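Encoded as structure tokens, the structure appears first; notes follow it.
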Amino acid sequence: MTDVLQIRDLDVSFATDAGAVKAVDRVSLTVAPGEVVAIVGESGSGKTVTAKTILGLLPETATRSGAVILRSKDGQSENNVVTVSKDQLRKIRGADVSMVFQEPSTALNPVYTVGWQIAEGLRAHDSKLSAKSARARAIEILTKVGIPEPEVRVDYYPHQFSGGQKQRVVIAMALVLDPGLIVADEPTTALDVTVQAEILDLLRRCRDEFGSSIVLITHNMGVVADLADRVVVMYQGKIVEEADVRSLFANPQNDYTKKLLAAVPRIGQRIEAAERKAPIAHDAQPVVRADNLQIEYPGRMGRPGFKAVDGVSFTISPGEVLGLVGESGSGKTTIGRAIAGLTKVTGGSLSVLDSEMNGMKERSFRAKRSSIGFVFQDPASSFNPLLTITECVAEPLKVHRKDLDARAISQRVGELLEAVQLPKSYGERYPHELSGGQRQRASLARALALNPKLLIADEPTSALDVSVQARVLELFAELQAELGFAALFISHDLAVVDILADRIAVLYHGKLIEEGTGAEVLGAPKDPYTQRLLASLPVPDPVAQAERRRMLADLIAGTPPA
Amino acid sequence: MAITTPTAAPSRKKSMWRRLPIVHQLSQSVGIQRGMLVTGLVLTAVFVLTALLAPLLAPYGYSQLRDESGAFGAQRPPSAEHLFGTTVGGYDVLSRVIWGAQTALSVVVVAVLLSIFAGVALGLISGYFGGWLDRVLVVICDAIYAFPTLLLAIVMSIAISGGQSSLWGGIFAAAISITVVFIPQYFRVIRAETVRIKSEAYVESAKVVGTGNIRIMFRHVLRNATRTLPLIFTLNASEAILTLAGLGFLGFGIEPTSASEWGFDLNKALSDVSSGIWWTSVPVGLALVLAVLGMTLVGESLNDLADPRLRGRRAVAAASGTVAETSVVPGGSLTAGPGGLDGLENEGRS
Amino acid sequence: MSSLTLPATNGAPTPASKPASPRPRKGSGGSFWRYLVIRFLLIIPTVFILVTLVFILMRTTGDPITAALGDRLTADQLAERVAAAGYDRPIFVQYMEYLGQILTGDFGTTLSDNRPVLEVLLTYGAATLELAFYALIVAFAVGIPLGMVAAYFRDKTPDAALRILAILFYATPVFFAGMLLKLIFSVWLKILPVSGRGTTNTELEMQLLQGKTGIYLWDALRIGDPGILGDVLAHAVLPGLTLGLLTAGIFLRLVRTNVIGTLSTDYVDAGRSRGVREFRLVTKHAYRPALIPIITVIGLQIALLLGGAVLTETTFEWKGLGFQLTEYLQARDFVAVQGIVVLLAVIVALTNFIVDVIAALIDPRVRY
Amino acid sequence: VTALAISGCAGTSGNNSSGGSADSITVGTTDKVTTLDPAGSYDNGSFAVMNQVFPFLLNTPYGSPDVEPDIAESAEFTAPTEYTVTLKEGLKWANGNELTSSDVKFSFDRQLAIADENGPSSLLYNLDSVDTPDETTVVFNLKQENDQVFAQILSSPAGPIVDEDVFSADALTSDKDIVDGKAFAGQYTIASYDFNNLISYKANPDYKGLLGKAETETVNVKYYAESANLKLAVQEGDIDVAFRSLSATDIADLEGNDKVKVHQGPGGEIRYIVFNFNTQPFGSTTPEADPAKALAVRQAVADLIDREEIAEEVYKGTYTPLYSFMPEGLTGATTVLKDLYGDGNGAPSEEKAAERLTAAGITTPVVLNLQYSNDHYGPSSGDEYALIKSQLEASGLFTVNLQTTEWVQYSKDRSSDVYPAYQLGWFPDYSDGDNYLTPFFLIENFLANHYDNQEVNDMILEQATTVDPDERASIFEKIQAQVAADLSTVPYLQGSQVAVAGSDVDGVTLDASFKFRYAPLSK
Ligand SMILES: Nc1ncnc2c1ncn2[C@@H]1O[C@H](COP(=O)(O)OP(=O)(O)OP(=O)(O)O)[C@@H](O)[C@H]1O
Ligand SMILES: Nc1ncnc2c1ncn2[C@@H]1O[C@H](COP(=O)(O)OP(=O)(O)OP(=O)(O)O)[C@@H](O)[C@H]1O
Ligand SMILES: [Mg+2]
Ligand SMILES: [Mg+2]
């Protein structure tokens, strides 16, 4: 056998409070030396569980059967992870197979220096290794993954690195023993697109320079197109399709794969509902007008505050959808919350439905609230877990529509649920008894309960699967067309914003750096940051992505980093 | 990683019953965790039953010194009439132990209830409204918290015992002393929960629709903030018993003629222990230890079960065995089921 | 359940929520020291509140003269003396007067036994500190390793046994446990002394020592006589064990829960994926991050330790603050009581302060 | 200081080194000292120390309740209001200062001047002024003539003589200054003083008084908080003598132990129930006020109390039944209550009680609110009163509501008519019958229980100035008889002094002086 990894008929089940859950169902796959195999599939389809099985990291509540055969890089030994002894398993880990985790900040022990943590892996496999040479090896590997000043940085603690650097360190740890196989579970999901591009580059070098095979787990089809040689599609614990990357994208076979690919949002893609969107009343008084808006979070204990939004100006006209994009922490949510009156405006002017929010009094604003809807990012936490969906959706009605009696309210709730295409009977369920997509729809229903003039949607789909996301976006567009509300649509995903928004605003470090229609901003970005943002976004097409990758490299070479 | 959410909920009635505190946890627990919980529950049940049925169970009254056949006599060794002998004061040890459970339970219940009400109310208001009131309350509670509990209870019991002590007077005095010690604890827990919940999206969404403060406080915050109470309750209950015993030991507790109190009896028995009279202290000490053990076990088990990381689960028989196709995913599956695309396609577009 | 990820210990079910108080996150190191300063200054209101509270409680419930001579003098004589001492004036006036004294640094002399309060605090404070020191050593030496063992064997028999042991340590009233220990070690086995901090001879030697600190261990080291040192240590064994085991029970549970909590984090998994031994994962990778919340909660246990010390001190004739406080309380000697309360509050506040610093030293994220 | 005799100074290992070698004795106690300054303390613990180290003009010799000159040559009335004391020649303080009449005058003047709130100055109620005609003569000018109690008072807590060069004339002197100033002239001096923990006494070679030289050079006194520890300490030989207060159980256990010996002597402490004449059942401010019925209630209580049972069950014989107002052993004490109440032999009698109540026309059961202090009179008060309650109720004649209150509140309440009937104890200031009568049965008395009998009042004042001892004793008897008939209080227990000493210890002296002196101890 020449394959680095061979999985045969793997079954994994978990004991849970709700009984047994089968996570992986008769999965078989192989990985050849130097190959990058991507595992894709919807959330919960068993990708992570499969990955963990390869390293024997499943929790005690798991039961497995089947075979997972790992070959060492030099081909000297082969082990079946499922049956091997604990001690042997420990020896394999790190040496033959290694792992890169999704969330770099949690994969690093906060209280030890990165050098110590790298050396820890070395020492686990060679107890005679001196501290000095372990350190030398750590510096060496940090150099290789592109950490500047590795001699100094080796003594840094994880929190002293940026997110992307942390992920590099995690990769360095995986590489240090030169394993034949690296399992990377969503290695870029927690990162901004620009950083993601760098990490993908590094992973590619792992394969090219170290000759490691990679099992890449992701649900981002762009990443797959960028990096993978071969793709395995999982659905409900099973492998439904397996093909090399080009043929999969060009010619998907399985229904699920087709739907998955279709659901991935692309820039420039228009959906039918968005085409029929409500007219924008440009002449009317804008619903929201921000003028040199400044928002500062007070500092703790006399420290100077933090300026999250710094001199932003924009307007939203009735019926208009403004898309707000930008990297994490750029101040998107802050703006949204300020419009809803949840965060205090500290400078400039922000007028919402003709009320000035700077110096706003809660009492006077409360009446206006019935005209504003808010859809939160995480559908799970935006519902009171102790109230049923009906009660939750009825809440705004109970507060503002004192004229309605219980029956009228319940009828209205029924209508609302149907409007977001949830069967009425779902109203009796508790939030945790709904799926994420259903919850997000219920959340939309609640936001629309009072026929708002303005809807603020703060990353309403980022917690959702691409497939479900597609449905919710479509629904959103439909309702907007029907009801004609103005909307602030916040997202970090350029493609998503492009689908829905009339105009797009790009936020960078609290400043608005570019604003215009989708075609203007995404078609011909003027600001270098927007350009990089756009170029970093991997597209779900291996051929096109190879092209973009080159462009990005040129861009970075040409422009000094911001 | 989200844990599976069963979309098809079992019948609601059953789930209500199952969701009751304790019952829920009991059904969740497995193996040694269940063993500890069950042990704790049994011990606690025995304790509570003994307390409730004391008048039936105890052969004599707690302050009874004589019966028809005359005085019991002091420090009599165990015999047929007095299974655990008599104390230095001439009481029947067994009866004192049994009645002691009643005192302990009364004190625990009164103390914990009082402190829950006071602590929860203060914590809720303080955490929800914040501002200077919050700051003042926090500083006060921290100050009280910084004071050794037993000493605080002593100070309080001196302040309270100005009035005369009767059975309930004594119990209330002890309970209030303990209450003062506990209020800061409940205050802190509820306040912390309130502060956390206050920034939860569902409270914000209530704010966004313009819900009033009172409504938010009771409808959204309070009910969600009290999840941890059963747990703290059990842990505080055992602490209350120990504090009461400490008070009794130092002579600030309840008098033998007003009620039977374990700490007091143990204190009295100290001379006996070194004089080779074991029966006056061992049953009392054991009762005390077991009651505390029981409640602490319950509390700890609840703690473990409340924390998914600490909760153990029953092993699944075999990988391919019992498993149903339950891996319905949080996002809603793409094709099947009402939440999936197909479902949407079918019901939607009406 | 954020407040429960730390174990809710019996002694203090709430400390878990304590870290909710401003524990600065990464990058805010500059403000950490500011936070510490504020934390330090918070001692003032804490002390002030406690002093006020105790003053009111004490003075509304009686005066030291009645306490001392209630069965000696007639009501008139008593009233006369009470008036002469000024205890019949409005509480508020007396309180202001007392505050005035304290602010000028004059703690006064005790009312019931005419001793300078500062001297009382030094003498008894030293004893309590020494006892707390022994207890902490026992608690650390027993609680932390056993907690790790329990975490390592989680939900197996050794774990269950250790946890029940921990609860028993905690559930057995100090005075009962102390009595049993005395019977076993002093009366039956005759290997340890019954009570006190030293034999008569040792104590007399201590009295002769110039510049004695009242911390017997320290004084014995300075005297340099191995016999005396041995004697002091022998006397410390039982009280240290009694109070230490009580605390060890709490530590054990604390360590166990927190280590188990960190054992399920990604970075422990990451360590595992690199082939690090399970034992090393528990003792190194999981333990040290777990130590941060542990230390914080341990700081809060100091109040419990001092509370438990009352009973231990009484049981073992260890004349310390807690023991003395109960005496003074009964005598309504509010001058002495206030002094002790101030000292206790300062000790507790200082401990929490130090704990914060230690936690910061362990946690590189807050160090600058 | 260097000469300090520390037995086995170096190298003693901690294990079980008993009290020390032959020239030192260790005493353990649960007493507490408040302050060494005689002007600032009025309690047993402090007085116990003063008795060893301060000189007294008059003192009680071993084995007698009566006072004789101690450091004085003579003491007598030289005029009805002049009590003249002549000091012995050449008296010295341990610090080398002369002990003269001027010190004596200083001591009493400062008692009166300081009148400390915790001090015993109230005992000097009859002292007007002190004159010192010469170095060795002191004249006490009294307010009332022929005060027979004054001599006793000179041996009481108000009586210690202090060094005018060490003590302050108008403020309390700290323990440290007293010890550092070596202001001692009693049988012992204090060599090392660790407050309420350990006092080391050294025999005073200069003491020339009544009680003689100390037998043992060094006596160490260890202070215990828990009697259980005191017991273990004496049982294990850590200390040679345990004095005050072991629990009854401890004493009973130690009695069976060969290594130690239990010594018992008369005690001056008494326990009694006080009735408030206003608020007791049928008291004068109650709705159904009726002095006769009230008296019947008190008498019925006296009939029903089983003193023997209390003494045996609760105190295992460490307290003895008391049948009068003055404890047994004092000159003039009778057992009048034995004859008047109960079955006539000291045992209770239900019939008699029932008869009395019926005769007075009282419907039974009588509800009696009985109050006791749970901590002030030792740990057994609870048991004691539980037993009294049970005794009273066993007859069916009484329903007793037993209540307890913390001591300070108790002290306030008892004199403000809050308690109809309540517990009190008394420890004498000096061992004279007067001290058991004056405080309680004068019309303006310390009990404030509204007992008002002019005849008793007059007799009490009369005995105080009666010079002839026999005549005085007979007045005592008359007073006791009258008070027993009125039953203002019902005494029921007398404490005995119990000391437990190693079997090798001699000289344990427990006598009617009620002072435990270390000087006779030896081994
Ligand atoms: N420790 C566990 N206990 C119980 N069930 C688990 C556990 N870990 C995973 N599962 C379940 O196993 C199934 C597969 O989970 P897995 O983490 O492999 O999904 P995934 O494909 O990685 O999804 P995602 O894209 O969201 O990361 C899910 O239904 C999940 O709920
Ligand atoms: N309550 C707060 N106090 C202090 N700073 C805050 C607070 N909330 C947010 N910030 C800071 O303000 C900046 C902007 O935050 P905001 O939540 O608006 O970002 P965002 O663009 O929504 O990011 P993401 O895409 O991660 O949601 C961030 O640097 C954040 O750390
Ligand atoms: Mg996953
Ligand atoms: Mg955001």
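Chain labels A, B, ... are given in the sequence in which chains occur in the structure tokens; within each chain residues are numbered consecutively from 1, and ligands are likewise numbered from 1 in the order shown.
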
List every residue of chain A that has an atom at most 10 Å from any atom of ligand 1, giving for each one its closest atom pair and the distance in Å to one decimal, counting only C-alpha atoms and all ligand atoms, sorted by chain and then by ascending residue number, as JSON lines.
{"residue": "A:Val12", "atom": "CA", "partner": "ligand 1", "partner_atom_place_in_ligand_line": "12 (O)", "distance": 8.3}
{"residue": "A:Ser13", "atom": "CA", "partner": "ligand 1", "partner_atom_place_in_ligand_line": "12 (O)", "distance": 7.6}
{"residue": "A:Phe14", "atom": "CA", "partner": "ligand 1", "partner_atom_place_in_ligand_line": "4 (C)", "distance": 4.8}
{"residue": "A:Ala15", "atom": "CA", "partner": "ligand 1", "partner_atom_place_in_ligand_line": "4 (C)", "distance": 6.1}
{"residue": "A:Thr16", "atom": "CA", "partner": "ligand 1", "partner_atom_place_in_ligand_line": "4 (C)", "distance": 5.3}
{"residue": "A:Asp17", "atom": "CA", "partner": "ligand 1", "partner_atom_place_in_ligand_line": "4 (C)", "distance": 8.6}
{"residue": "A:Ala18", "atom": "CA", "partner": "ligand 1", "partner_atom_place_in_ligand_line": "4 (C)", "distance": 9.4}
{"residue": "A:Gly19", "atom": "CA", "partner": "ligand 1", "partner_atom_place_in_ligand_line": "4 (C)", "distance": 9.4}
{"residue": "A:Ala20", "atom": "CA", "partner": "ligand 1", "partner_atom_place_in_ligand_line": "4 (C)", "distance": 8.1}
{"residue": "A:Val21", "atom": "CA", "partner": "ligand 1", "partner_atom_place_in_ligand_line": "5 (N)", "distance": 6.2}
{"residue": "A:Lys22", "atom": "CA", "partner": "ligand 1", "partner_atom_place_in_ligand_line": "12 (O)", "distance": 6.6}
{"residue": "A:Ala23", "atom": "CA", "partner": "ligand 1", "partner_atom_place_in_ligand_line": "12 (O)", "distance": 4.1}
{"residue": "A:Val24", "atom": "CA", "partner": "ligand 1", "partner_atom_place_in_ligand_line": "14 (C)", "distance": 6.9}
{"residue": "A:Ile39", "atom": "CA", "partner": "ligand 1", "partner_atom_place_in_ligand_line": "21 (O)", "distance": 8.8}
{"residue": "A:Val40", "atom": "CA", "partner": "ligand 1", "partner_atom_place_in_ligand_line": "21 (O)", "distance": 7.8}
{"residue": "A:Gly41", "atom": "CA", "partner": "ligand 1", "partner_atom_place_in_ligand_line": "21 (O)", "distance": 6.4}
{"residue": "A:Glu42", "atom": "CA", "partner": "ligand 1", "partner_atom_place_in_ligand_line": "25 (O)", "distance": 5.9}
{"residue": "A:Ser43", "atom": "CA", "partner": "ligand 1", "partner_atom_place_in_ligand_line": "25 (O)", "distance": 3.5}
{"residue": "A:Gly44", "atom": "CA", "partner": "ligand 1", "partner_atom_place_in_ligand_line": "19 (O)", "distance": 3.2}
{"residue": "A:Ser45", "atom": "CA", "partner": "ligand 1", "partner_atom_place_in_ligand_line": "21 (O)", "distance": 4.0}
{"residue": "A:Gly46", "atom": "CA", "partner": "ligand 1", "partner_atom_place_in_ligand_line": "18 (O)", "distance": 3.1}
{"residue": "A:Lys47", "atom": "CA", "partner": "ligand 1", "partner_atom_place_in_ligand_line": "21 (O)", "distance": 3.7}
{"residue": "A:Thr48", "atom": "CA", "partner": "ligand 1", "partner_atom_place_in_ligand_line": "22 (O)", "distance": 3.6}
{"residue": "A:Val49", "atom": "CA", "partner": "ligand 1", "partner_atom_place_in_ligand_line": "18 (O)", "distance": 3.8}
{"residue": "A:Thr50", "atom": "CA", "partner": "ligand 1", "partner_atom_place_in_ligand_line": "18 (O)", "distance": 6.3}
{"residue": "A:Ala51", "atom": "CA", "partner": "ligand 1", "partner_atom_place_in_ligand_line": "18 (O)", "distance": 7.8}
{"residue": "A:Lys52", "atom": "CA", "partner": "ligand 1", "partner_atom_place_in_ligand_line": "18 (O)", "distance": 8.4}
{"residue": "A:Thr53", "atom": "CA", "partner": "ligand 1", "partner_atom_place_in_ligand_line": "18 (O)", "distance": 9.8}
{"residue": "A:Leu58", "atom": "CA", "partner": "ligand 1", "partner_atom_place_in_ligand_line": "1 (N)", "distance": 7.4}
{"residue": "A:Pro59", "atom": "CA", "partner": "ligand 1", "partner_atom_place_in_ligand_line": "1 (N)", "distance": 6.0}
{"residue": "A:Glu60", "atom": "CA", "partner": "ligand 1", "partner_atom_place_in_ligand_line": "1 (N)", "distance": 8.4}
{"residue": "A:Thr61", "atom": "CA", "partner": "ligand 1", "partner_atom_place_in_ligand_line": "3 (N)", "distance": 6.6}
{"residue": "A:Ala62", "atom": "CA", "partner": "ligand 1", "partner_atom_place_in_ligand_line": "3 (N)", "distance": 7.1}
{"residue": "A:Gln102", "atom": "CA", "partner": "ligand 1", "partner_atom_place_in_ligand_line": "27 (O)", "distance": 9.0}
{"residue": "A:Asp185", "atom": "CA", "partner": "ligand 1", "partner_atom_place_in_ligand_line": "22 (O)", "distance": 7.9}
{"residue": "A:Glu186", "atom": "CA", "partner": "ligand 1", "partner_atom_place_in_ligand_line": "27 (O)", "distance": 7.7}
{"residue": "A:Thr189", "atom": "CA", "partner": "ligand 1", "partner_atom_place_in_ligand_line": "27 (O)", "distance": 10.0}
{"residue": "A:Ile217", "atom": "CA", "partner": "ligand 1", "partner_atom_place_in_ligand_line": "22 (O)", "distance": 7.8}
{"residue": "A:Thr218", "atom": "CA", "partner": "ligand 1", "partner_atom_place_in_ligand_line": "25 (O)", "distance": 6.9}
{"residue": "A:His219", "atom": "CA", "partner": "ligand 1", "partner_atom_place_in_ligand_line": "25 (O)", "distance": 6.3}
{"residue": "A:Asn220", "atom": "CA", "partner": "ligand 1", "partner_atom_place_in_ligand_line": "25 (O)", "distance": 9.6}
{"residue": "A:Met234", "atom": "CA", "partner": "ligand 1", "partner_atom_place_in_ligand_line": "21 (O)", "distance": 7.9}
{"residue": "A:Tyr235", "atom": "CA", "partner": "ligand 1", "partner_atom_place_in_ligand_line": "21 (O)", "distance": 8.4}
{"residue": "A:Gln236", "atom": "CA", "partner": "ligand 1", "partner_atom_place_in_ligand_line": "14 (C)", "distance": 8.0}
{"residue": "A:Gly237", "atom": "CA", "partner": "ligand 1", "partner_atom_place_in_ligand_line": "14 (C)", "distance": 6.9}
{"residue": "A:Ala463", "atom": "CA", "partner": "ligand 1", "partner_atom_place_in_ligand_line": "26 (O)", "distance": 9.7}
{"residue": "A:Leu464", "atom": "CA", "partner": "ligand 1", "partner_atom_place_in_ligand_line": "26 (O)", "distance": 9.3}
{"residue": "A:Asp465", "atom": "CA", "partner": "ligand 1", "partner_atom_place_in_ligand_line": "25 (O)", "distance": 8.1}

Just the selected residues (C-alpha atoms), exported as a CSV table (one decimal), in the first residue's frame, please.
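result-v4.csv, written as the output of this step:
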chain,number,residue,atom,x,y,z
A,12,VAL,CA,-18.9,6.3,14.6
A,13,SER,CA,-21.7,6.8,17.0
A,14,PHE,CA,-22.1,9.0,20.0
A,15,ALA,CA,-23.9,8.7,23.2
A,16,THR,CA,-25.9,11.9,23.9
A,17,ASP,CA,-28.6,13.0,26.2
A,18,ALA,CA,-31.1,12.4,23.5
A,19,GLY,CA,-29.8,8.8,22.8
A,20,ALA,CA,-27.4,7.5,20.3
A,21,VAL,CA,-26.4,9.6,17.4
A,22,LYS,CA,-24.6,8.1,14.4
A,23,ALA,CA,-22.2,10.6,13.0
A,24,VAL,CA,-20.2,8.6,10.5
A,39,ILE,CA,-13.8,16.8,2.7
A,40,VAL,CA,-16.8,19.0,2.1
A,41,GLY,CA,-20.4,18.8,3.2
A,42,GLU,CA,-23.0,20.5,5.2
A,43,SER,CA,-22.6,21.2,8.8
A,44,GLY,CA,-22.9,18.2,11.0
A,45,SER,CA,-22.3,15.7,8.2
A,46,GLY,CA,-19.4,14.1,10.0
A,47,LYS,CA,-16.4,15.8,8.7
A,48,THR,CA,-14.8,16.7,12.0
A,49,VAL,CA,-15.6,13.3,13.5
A,50,THR,CA,-13.9,11.6,10.6
A,51,ALA,CA,-10.9,13.8,11.0
A,52,LYS,CA,-10.7,13.2,14.7
A,53,THR,CA,-11.0,9.5,14.2
A,58,LEU,CA,-12.8,11.0,19.7
A,59,PRO,CA,-14.2,11.6,23.2
A,60,GLU,CA,-15.1,8.7,25.4
A,61,THR,CA,-18.7,8.9,24.5
A,62,ALA,CA,-17.9,7.7,21.0
A,102,GLN,CA,-10.1,25.4,13.2
A,185,ASP,CA,-10.1,21.0,10.1
A,186,GLU,CA,-11.5,24.2,8.8
A,189,THR,CA,-12.9,29.6,8.9
A,217,ILE,CA,-12.0,19.9,5.9
A,218,THR,CA,-14.1,22.9,5.0
A,219,HIS,CA,-17.5,23.9,3.9
A,220,ASN,CA,-16.1,26.8,1.9
A,234,MET,CA,-20.2,14.0,2.8
A,235,TYR,CA,-23.9,14.1,3.5
A,236,GLN,CA,-25.5,12.8,6.7
A,237,GLY,CA,-22.5,10.8,7.7
A,463,ALA,CA,-24.3,31.1,11.4
A,464,LEU,CA,-26.0,29.1,8.7
A,465,ASP,CA,-24.9,26.5,6.2

- Task: Determine which residues of segment 224-456 of chain A DSSP labels as strand (DSSP E or B) from the backbone of this structure, then write them out as a PyMOL selection string.
- Result: chain A and resi 230-235+238-244+288-297+306-316+321-326+347-352+355-356+372-375+454-456

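For segment 473-537 of chain A, the set of residues given alpha helix (DSSP H) by DSSP on the backbone reads Leu473, Glu474, Leu475, Phe476, Ala477, Glu478, Leu479, Gln480, Ala481, Glu482, Leu483, Leu494, Ala495, Val496, Val497, Asp498, Ile499, Leu500, Gly518, Pro528, Tyr529, Thr530, Gln531, Arg532, Leu533, Leu534, Ala535 and Ser536 of chain A.
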
- Close residues, Trp278 of chain B itself excluded, 12 Å, only C-alpha atoms, min 3 positions apart in chain, as a VMD selection string: (chain B and resid 75 to 78 84 to 88 93 266 269 to 275 281 to 286) or (chain C and resid 179 to 180 183)

Just to be explicit: take each residue in the selection above, keep C-alpha atoms, and write the result as a compact mmCIF listing (two decimals), in the first residue's frame.
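The resulting file, result.txt, is shown below:
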# COMPACT_ATOMS: atom_id res chain seq x y z
CA GLN B 75 -25.10 9.57 80.14
CA ARG B 76 -26.76 6.18 80.33
CA PRO B 77 -25.23 3.77 77.84
CA PRO B 78 -27.36 2.41 75.01
CA PHE B 84 -28.26 5.38 71.65
CA GLY B 85 -28.21 6.04 75.38
CA THR B 86 -28.75 9.44 76.95
CA THR B 87 -26.80 12.69 76.85
CA VAL B 88 -25.04 14.55 79.59
CA VAL B 93 -29.77 10.63 72.11
CA LEU B 266 -21.87 17.79 69.73
CA ALA B 269 -20.56 15.72 73.98
CA LEU B 270 -16.97 16.85 73.71
CA SER B 271 -16.23 16.00 77.33
CA ASP B 272 -17.91 12.68 76.83
CA VAL B 273 -15.69 11.79 73.91
CA SER B 274 -12.55 12.06 75.96
CA SER B 275 -14.17 10.20 78.83
CA SER B 281 -21.37 12.21 69.98
CA VAL B 282 -21.03 9.57 67.31
CA PRO B 283 -24.69 9.33 66.25
CA VAL B 284 -25.00 13.11 66.22
CA GLY B 285 -21.78 13.62 64.34
CA LEU B 286 -22.72 10.93 61.88
CA MET C 179 -11.61 15.98 68.99
CA LEU C 180 -11.24 12.67 67.18
CA LEU C 183 -8.07 11.25 70.90

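Remark: for chain B, the closest of the candidate residues D:Glu455, D:Asp417, D:Glu226, D:Glu471 is D:Glu226 (distances computed over only C-alpha atoms).
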
- Message: Please identify all protein, DNA and RNA residues within 10 Å of ligand 4, counting only C-alpha atoms and all ligand atoms, and report them as a ChimeraX atom specification.
- Response: /A:326-337,376-377,458-459,490-492

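Each of D:Ala333, D:Met459, D:Ala225, D:Leu387 was checked against Ala473 of chain D using only C-alpha atoms; the smallest atom-to-atom distance is that of D:Ala333.
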
- Message: With only C-alpha atoms considered, list every residue of chain B at most 8 Å from chain C, as a PyMOL selection string.
- Response: chain B and resi 31-33+36+139-140+142-151+154-156+158-159+162+185-186+188-189+192-193+228+232+235-236+238-239+242+245-246+249-250+266-267+270+273-274+285+288-289+292-293+296-297+300+303+306-307+309-310+312

- Task: Compile the residues of chain C that lie within 7 Å of chain A, evaluated using only C-alpha atoms, and express the compilation as a PyMOL selection string.
- Result: chain C and resi 26+266-267+270+273-276+289+362-365

- Message: Can you pull out the residues contacting segment 350-357 of chain D? Cut-off 7 Å, using only C-alpha atoms, and skip same-chain residues under 3 positions away; I want them as number ranges by chain.
- Response: D: 296-297, 300, 303-304, 342, 360-362, 395, 397

I want to know what sits within 8 Å of Glu145 of chain D, based on only C-alpha atoms, with residues of the same chain fewer than 4 positions away left out; could you give that as a short mmCIF file (atom, residue, chain, number, x, y, z; two decimals) with all heavy atoms, in the first residue's frame?
data_model
loop_
_atom_site.label_atom_id
_atom_site.label_comp_id
_atom_site.auth_asym_id
_atom_site.auth_seq_id
_atom_site.Cartn_x
_atom_site.Cartn_y
_atom_site.Cartn_z
N PRO D 80 -15.26 54.24 116.39
CA PRO D 80 -16.35 53.63 115.60
C PRO D 80 -16.17 53.83 114.11
O PRO D 80 -16.52 52.95 113.33
CB PRO D 80 -17.59 54.35 116.13
CG PRO D 80 -17.24 54.75 117.50
CD PRO D 80 -15.76 55.05 117.52
N THR D 81 -15.63 54.92 113.68
CA THR D 81 -15.46 55.11 112.24
C THR D 81 -13.99 55.13 111.86
O THR D 81 -13.65 55.56 110.77
CB THR D 81 -16.11 56.42 111.77
OG1 THR D 81 -15.49 57.50 112.48
CG2 THR D 81 -17.60 56.42 112.00
N THR D 465 -22.96 46.08 111.62
CA THR D 465 -22.25 46.87 112.62
C THR D 465 -22.22 46.16 113.97
O THR D 465 -21.86 46.76 114.98
CB THR D 465 -22.92 48.24 112.78
OG1 THR D 465 -24.31 48.02 113.07
CG2 THR D 465 -22.79 49.05 111.51
#
